Amino acid sequence: PDHLADGHLAPALDVRRGRPDAEPRAARIVDLTVAAGDEIDAEMIALARAGEPDRYVAATLAPAAHRAALIAIAAFAADLRRIPSAVKEPMMGEIRLQWWRDVIEGFKGEALALGHPVADALRDAVRRYGLSTEALVAMTEARAFDLYPDPMPDRAAFDGYISRREAVPFMLALSVLGASADTAAKLGDMAGRAYGVTRLLAEPSFGRAQTDGVR
């Protein structure tokens, strides 16, 4: 498929969705053409595309001026998502999550570039759009639960988990696109709950034992 003529990010998708032997959705999302002015790190693009394909494709369809920030949010979510499956011991995952919390805390000051493409792009997005650092920390807290096989204690805990894990990225993206704080919170929460439950149902790692307390 052709990319957009202006050379900016444009999704190129394999549309053979009806074929029983079609590749998984994430695999069908191929390389994008990035204009030199976009300055979006290729490693960050690859991480967002592989780990958060839906958010990634949505970012490519957004106005060019906001794509870097949206892809940074998607890449951050993707990095957090892979931590539980990348570590053998929960403590190693906790260390990685704490590293992110420390990095995010540094966004409040005049922290220099870290040389980490996702962290640096996320810092730029926070400064440009006034994104909530507390919301970013909340995303790390959701993934801390995923490090352990403990059951969800109750419905309130489940709702909080879904909000921090899936609704917050929607809220941040809406803020980037110019939504008011109230609108971003309201629409992000609704989208996050629906999207989050759908994702959980598709994740074999999130089994019945973890939802026994949810009624």
# chains A, B, ... in the order shown; residues from 1 in each chain; ligands from 1
>>> residues_around(residues="range 74-90 of chain A", least_positions_apart="2", cutoff="8 Å", atoms="only C-alpha atoms", output="PDB file with C-alpha atoms, in the first residue's frame")
ATOM      1  CA  MET A  44      10.531   4.080  19.935  1.00  0.00           C
ATOM      2  CA  ILE A  45       8.376   3.552  16.864  1.00  0.00           C
ATOM      3  CA  LEU A  47       8.407  -0.529  20.543  1.00  0.00           C
ATOM      4  CA  ALA A  48       5.049   1.243  20.227  1.00  0.00           C
ATOM      5  CA  ARG A  49       4.142  -0.690  17.102  1.00  0.00           C
ATOM      6  CA  ALA A  50       4.912  -4.077  18.643  1.00  0.00           C
ATOM      7  CA  GLY A  51       3.561  -3.518  22.149  1.00  0.00           C
ATOM      8  CA  GLU A  52       0.649  -1.114  21.634  1.00  0.00           C
ATOM      9  CA  ARG A  55      -2.472   3.202  20.112  1.00  0.00           C
ATOM     10  CA  TYR A  56       0.336   3.283  17.577  1.00  0.00           C
ATOM     11  CA  LEU A  70       1.279  10.174  21.053  1.00  0.00           C
ATOM     12  CA  ILE A  71       3.866   7.608  19.985  1.00  0.00           C
ATOM     13  CA  ALA A  72       5.866   8.385  23.123  1.00  0.00           C
ATOM     14  CA  MET A  92      13.494  -7.252  39.146  1.00  0.00           C
ATOM     15  CA  GLY A  93      10.273  -5.892  37.734  1.00  0.00           C
ATOM     16  CA  GLU A  94       9.839  -3.628  40.754  1.00  0.00           C
ATOM     17  CA  ARG A  96      12.469  -1.432  36.542  1.00  0.00           C
ATOM     18  CA  LEU A  97       9.187   0.213  37.522  1.00  0.00           C
ATOM     19  CA  VAL A 118      11.184   6.782  25.249  1.00  0.00           C
ATOM     20  CA  ALA A 119      12.076   8.651  28.431  1.00  0.00           C
ATOM     21  CA  LEU A 122       7.983  11.397  27.170  1.00  0.00           C
ATOM     22  CA  MET A 139       0.510   3.552  34.914  1.00  0.00           C
ATOM     23  CA  THR A 140       3.589   2.044  36.569  1.00  0.00           C
ATOM     24  CA  ARG A 143       1.911  -2.964  36.100  1.00  0.00           C
ATOM     25  CA  ASP A 146       1.016  -7.847  37.035  1.00  0.00           C
ATOM     26  CA  LEU A 147       4.288  -8.950  38.602  1.00  0.00           C
ATOM     27  CA  TYR A 148       2.490 -11.187  41.088  1.00  0.00           C
ATOM     28  CA  PRO A 169      -3.104   6.458  28.286  1.00  0.00           C
TER      29      PRO A 169
END
>>> closest_residue(among="A:Val176, A:Ala121, A:Met91, A:Val137", to="Ile104 in chain A", atoms="only C-alpha atoms")
A:Val137
>>> atom_distance(atom1="CA of Ala194 in chain A", atom2="CA of Ala156 in chain A")
15.9 Å
>>> select_by_dssp(residues="range 9-182 of chain A", states="helix (DSSP H, G or I)", output="ChimeraX atom specification")
/A:25-28,36-38,42-51,53-60,64-86,90-106,117-129,133-145,155-176,181-182
>>> atom_distance(atom1="CA of His66 in chain A", atom2="CA of Gly160 in chain A")
28.1 Å
>>> closest_residue(among="A:Val168, A:Asp150, A:Ile162, A:Leu187", to="Glu134 in chain A", atoms="only C-alpha atoms")
A:Val168
>>> atom_distance(atom1="CA of Arg67 in chain A", atom2="CA of Ile40 in chain A")
8.5 Å
>>> residues_around(residues="Tyr129 in chain A", least_positions_apart="6", cutoff="12 Å", atoms="only C-alpha atoms", output="ChimeraX atom specification")
/A:65-66,68-70,122-123,172-181
>>> write_last_selection(atoms="N, CA and C atoms", output="CSV table (one decimal), in the first residue's frame")
chain,number,residue,atom,x,y,z
A,65,ALA,N,1.7,17.3,14.0
A,65,ALA,CA,2.4,18.0,15.1
A,65,ALA,C,2.3,17.3,16.4
A,66,HIS,N,1.3,16.4,16.5
A,66,HIS,CA,1.1,15.7,17.8
A,66,HIS,C,1.6,14.2,17.8
A,68,ALA,N,4.6,12.7,17.6
A,68,ALA,CA,5.7,12.3,18.4
A,68,ALA,C,5.3,12.0,19.9
A,69,ALA,N,4.4,12.9,20.4
A,69,ALA,CA,3.9,12.8,21.8
A,69,ALA,C,3.1,11.6,21.9
A,70,LEU,N,2.2,11.3,21.0
A,70,LEU,CA,1.3,10.2,21.1
A,70,LEU,C,2.0,8.9,20.9
A,122,LEU,N,9.1,11.2,26.2
A,122,LEU,CA,8.0,11.4,27.2
A,122,LEU,C,8.2,12.7,27.9
A,123,ARG,N,9.4,13.0,28.3
A,123,ARG,CA,9.8,14.2,29.0
A,123,ARG,C,9.4,15.4,28.1
A,172,LEU,N,-4.2,10.8,28.6
A,172,LEU,CA,-3.0,11.6,28.2
A,172,LEU,C,-3.1,11.9,26.7
A,173,ALA,N,-3.5,10.9,25.9
A,173,ALA,CA,-3.6,11.2,24.4
A,173,ALA,C,-4.6,12.3,24.1
A,174,LEU,N,-5.8,12.2,24.8
A,174,LEU,CA,-6.8,13.3,24.6
A,174,LEU,C,-6.3,14.6,25.0
A,175,SER,N,-5.5,14.7,26.0
A,175,SER,CA,-4.9,16.0,26.5
A,175,SER,C,-3.9,16.5,25.4
A,176,VAL,N,-3.1,15.6,24.8
A,176,VAL,CA,-2.2,16.0,23.7
A,176,VAL,C,-3.0,16.6,22.5
A,177,LEU,N,-4.2,16.0,22.3
A,177,LEU,CA,-5.0,16.5,21.1
A,177,LEU,C,-5.9,17.7,21.5
A,178,GLY,N,-5.7,18.2,22.7
A,178,GLY,CA,-6.4,19.5,23.0
A,178,GLY,C,-7.6,19.4,23.8
A,179,ALA,N,-8.0,18.2,24.3
A,179,ALA,CA,-9.2,18.1,25.1
A,179,ALA,C,-9.0,18.8,26.4
A,180,SER,N,-10.1,19.3,27.0
A,180,SER,CA,-10.0,19.9,28.3
A,180,SER,C,-9.7,18.7,29.3
A,181,ALA,N,-9.3,19.1,30.5
A,181,ALA,CA,-9.1,18.1,31.6
A,181,ALA,C,-10.3,17.3,31.9
>>> decode(residues="range 134-168 of chain A", atoms="N, CA and C atoms", output="PDB file, in the first residue's frame")
ATOM      1  N   GLU A 134       1.733  12.542  37.642  1.00  0.00           N
ATOM      2  CA  GLU A 134       1.047  11.615  38.544  1.00  0.00           C
ATOM      3  C   GLU A 134       0.332  10.522  37.746  1.00  0.00           C
ATOM      4  N   ALA A 135      -0.220  10.891  36.601  1.00  0.00           N
ATOM      5  CA  ALA A 135      -0.892   9.908  35.756  1.00  0.00           C
ATOM      6  C   ALA A 135       0.111   8.892  35.203  1.00  0.00           C
ATOM      7  N   LEU A 136       1.283   9.358  34.832  1.00  0.00           N
ATOM      8  CA  LEU A 136       2.304   8.449  34.326  1.00  0.00           C
ATOM      9  C   LEU A 136       2.760   7.478  35.412  1.00  0.00           C
ATOM     10  N   VAL A 137       2.917   7.986  36.632  1.00  0.00           N
ATOM     11  CA  VAL A 137       3.291   7.110  37.747  1.00  0.00           C
ATOM     12  C   VAL A 137       2.190   6.084  37.999  1.00  0.00           C
ATOM     13  N   ALA A 138       0.930   6.492  37.866  1.00  0.00           N
ATOM     14  CA  ALA A 138      -0.188   5.569  38.060  1.00  0.00           C
ATOM     15  C   ALA A 138      -0.108   4.392  37.091  1.00  0.00           C
ATOM     16  N   MET A 139       0.359   4.644  35.879  1.00  0.00           N
ATOM     17  CA  MET A 139       0.510   3.552  34.914  1.00  0.00           C
ATOM     18  C   MET A 139       1.530   2.526  35.398  1.00  0.00           C
ATOM     19  N   THR A 140       2.592   2.984  36.047  1.00  0.00           N
ATOM     20  CA  THR A 140       3.589   2.044  36.569  1.00  0.00           C
ATOM     21  C   THR A 140       3.008   1.221  37.709  1.00  0.00           C
ATOM     22  N   GLU A 141       2.139   1.830  38.511  1.00  0.00           N
ATOM     23  CA  GLU A 141       1.547   1.118  39.641  1.00  0.00           C
ATOM     24  C   GLU A 141       0.634  -0.012  39.175  1.00  0.00           C
ATOM     25  N   ALA A 142      -0.045   0.203  38.064  1.00  0.00           N
ATOM     26  CA  ALA A 142      -0.896  -0.856  37.531  1.00  0.00           C
ATOM     27  C   ALA A 142      -0.065  -2.075  37.144  1.00  0.00           C
ATOM     28  N   ARG A 143       1.071  -1.841  36.545  1.00  0.00           N
ATOM     29  CA  ARG A 143       1.911  -2.964  36.100  1.00  0.00           C
ATOM     30  C   ARG A 143       2.607  -3.660  37.264  1.00  0.00           C
ATOM     31  N   ALA A 144       2.692  -3.008  38.412  1.00  0.00           N
ATOM     32  CA  ALA A 144       3.252  -3.685  39.581  1.00  0.00           C
ATOM     33  C   ALA A 144       2.362  -4.859  39.980  1.00  0.00           C
ATOM     34  N   PHE A 145       1.059  -4.715  39.826  1.00  0.00           N
ATOM     35  CA  PHE A 145       0.142  -5.817  40.134  1.00  0.00           C
ATOM     36  C   PHE A 145       0.417  -7.026  39.239  1.00  0.00           C
ATOM     37  N   ASP A 146       0.788  -6.763  37.999  1.00  0.00           N
ATOM     38  CA  ASP A 146       1.016  -7.847  37.035  1.00  0.00           C
ATOM     39  C   ASP A 146       2.249  -8.679  37.350  1.00  0.00           C
ATOM     40  N   LEU A 147       3.081  -8.201  38.257  1.00  0.00           N
ATOM     41  CA  LEU A 147       4.288  -8.950  38.602  1.00  0.00           C
ATOM     42  C   LEU A 147       3.996 -10.153  39.503  1.00  0.00           C
ATOM     43  N   TYR A 148       2.817 -10.165  40.098  1.00  0.00           N
ATOM     44  CA  TYR A 148       2.490 -11.187  41.088  1.00  0.00           C
ATOM     45  C   TYR A 148       1.237 -11.970  40.668  1.00  0.00           C
ATOM     46  N   PRO A 149       1.111 -13.220  41.136  1.00  0.00           N
ATOM     47  CA  PRO A 149      -0.070 -14.032  40.785  1.00  0.00           C
ATOM     48  C   PRO A 149      -1.249 -13.823  41.722  1.00  0.00           C
ATOM     49  N   ASP A 150      -1.191 -12.775  42.543  1.00  0.00           N
ATOM     50  CA  ASP A 150      -2.244 -12.548  43.529  1.00  0.00           C
ATOM     51  C   ASP A 150      -3.588 -12.256  42.863  1.00  0.00           C
ATOM     52  N   PRO A 151      -4.683 -12.734  43.474  1.00  0.00           N
ATOM     53  CA  PRO A 151      -6.012 -12.443  42.921  1.00  0.00           C
ATOM     54  C   PRO A 151      -6.402 -10.986  43.149  1.00  0.00           C
ATOM     55  N   MET A 152      -7.273 -10.480  42.304  1.00  0.00           N
ATOM     56  CA  MET A 152      -7.814  -9.144  42.486  1.00  0.00           C
ATOM     57  C   MET A 152      -8.727  -9.174  43.703  1.00  0.00           C
ATOM     58  N   PRO A 153      -8.486  -8.329  44.715  1.00  0.00           N
ATOM     59  CA  PRO A 153      -9.257  -8.443  45.958  1.00  0.00           C
ATOM     60  C   PRO A 153     -10.743  -8.153  45.835  1.00  0.00           C
ATOM     61  N   ASP A 154     -11.110  -7.161  45.007  1.00  0.00           N
ATOM     62  CA  ASP A 154     -12.524  -6.819  44.885  1.00  0.00           C
ATOM     63  C   ASP A 154     -12.748  -5.985  43.628  1.00  0.00           C
ATOM     64  N   ARG A 155     -13.997  -5.630  43.400  1.00  0.00           N
ATOM     65  CA  ARG A 155     -14.354  -4.877  42.197  1.00  0.00           C
ATOM     66  C   ARG A 155     -13.718  -3.498  42.180  1.00  0.00           C
ATOM     67  N   ALA A 156     -13.643  -2.848  43.343  1.00  0.00           N
ATOM     68  CA  ALA A 156     -13.037  -1.514  43.393  1.00  0.00           C
ATOM     69  C   ALA A 156     -11.576  -1.559  42.974  1.00  0.00           C
ATOM     70  N   ALA A 157     -10.864  -2.600  43.422  1.00  0.00           N
ATOM     71  CA  ALA A 157      -9.459  -2.741  43.047  1.00  0.00           C
ATOM     72  C   ALA A 157      -9.330  -2.997  41.548  1.00  0.00           C
ATOM     73  N   PHE A 158     -10.232  -3.786  41.013  1.00  0.00           N
ATOM     74  CA  PHE A 158     -10.223  -4.076  39.581  1.00  0.00           C
ATOM     75  C   PHE A 158     -10.461  -2.802  38.770  1.00  0.00           C
ATOM     76  N   ASP A 159     -11.435  -2.006  39.192  1.00  0.00           N
ATOM     77  CA  ASP A 159     -11.736  -0.762  38.483  1.00  0.00           C
ATOM     78  C   ASP A 159     -10.524   0.178  38.502  1.00  0.00           C
ATOM     79  N   GLY A 160      -9.856   0.254  39.651  1.00  0.00           N
ATOM     80  CA  GLY A 160      -8.672   1.095  39.741  1.00  0.00           C
ATOM     81  C   GLY A 160      -7.547   0.601  38.860  1.00  0.00           C
ATOM     82  N   TYR A 161      -7.395  -0.711  38.813  1.00  0.00           N
ATOM     83  CA  TYR A 161      -6.355  -1.323  37.973  1.00  0.00           C
ATOM     84  C   TYR A 161      -6.596  -1.003  36.499  1.00  0.00           C
ATOM     85  N   ILE A 162      -7.823  -1.196  36.052  1.00  0.00           N
ATOM     86  CA  ILE A 162      -8.152  -0.921  34.648  1.00  0.00           C
ATOM     87  C   ILE A 162      -7.946   0.552  34.332  1.00  0.00           C
ATOM     88  N   SER A 163      -8.338   1.414  35.258  1.00  0.00           N
ATOM     89  CA  SER A 163      -8.191   2.853  35.023  1.00  0.00           C
ATOM     90  C   SER A 163      -6.728   3.235  34.863  1.00  0.00           C
ATOM     91  N   ARG A 164      -5.878   2.765  35.784  1.00  0.00           N
ATOM     92  CA  ARG A 164      -4.456   3.130  35.725  1.00  0.00           C
ATOM     93  C   ARG A 164      -3.773   2.517  34.514  1.00  0.00           C
ATOM     94  N   ARG A 165      -4.175   1.312  34.155  1.00  0.00           N
ATOM     95  CA  ARG A 165      -3.498   0.605  33.080  1.00  0.00           C
ATOM     96  C   ARG A 165      -3.952   1.053  31.690  1.00  0.00           C
ATOM     97  N   GLU A 166      -5.250   1.229  31.489  1.00  0.00           N
ATOM     98  CA  GLU A 166      -5.759   1.487  30.141  1.00  0.00           C
ATOM     99  C   GLU A 166      -6.409   2.854  29.954  1.00  0.00           C
ATOM    100  N   ALA A 167      -7.092   3.367  30.982  1.00  0.00           N
ATOM    101  CA  ALA A 167      -7.766   4.661  30.813  1.00  0.00           C
ATOM    102  C   ALA A 167      -6.778   5.820  30.806  1.00  0.00           C
ATOM    103  N   VAL A 168      -5.747   5.731  31.637  1.00  0.00           N
ATOM    104  CA  VAL A 168      -4.780   6.836  31.715  1.00  0.00           C
ATOM    105  C   VAL A 168      -4.125   7.132  30.363  1.00  0.00           C
TER     106      VAL A 168
END
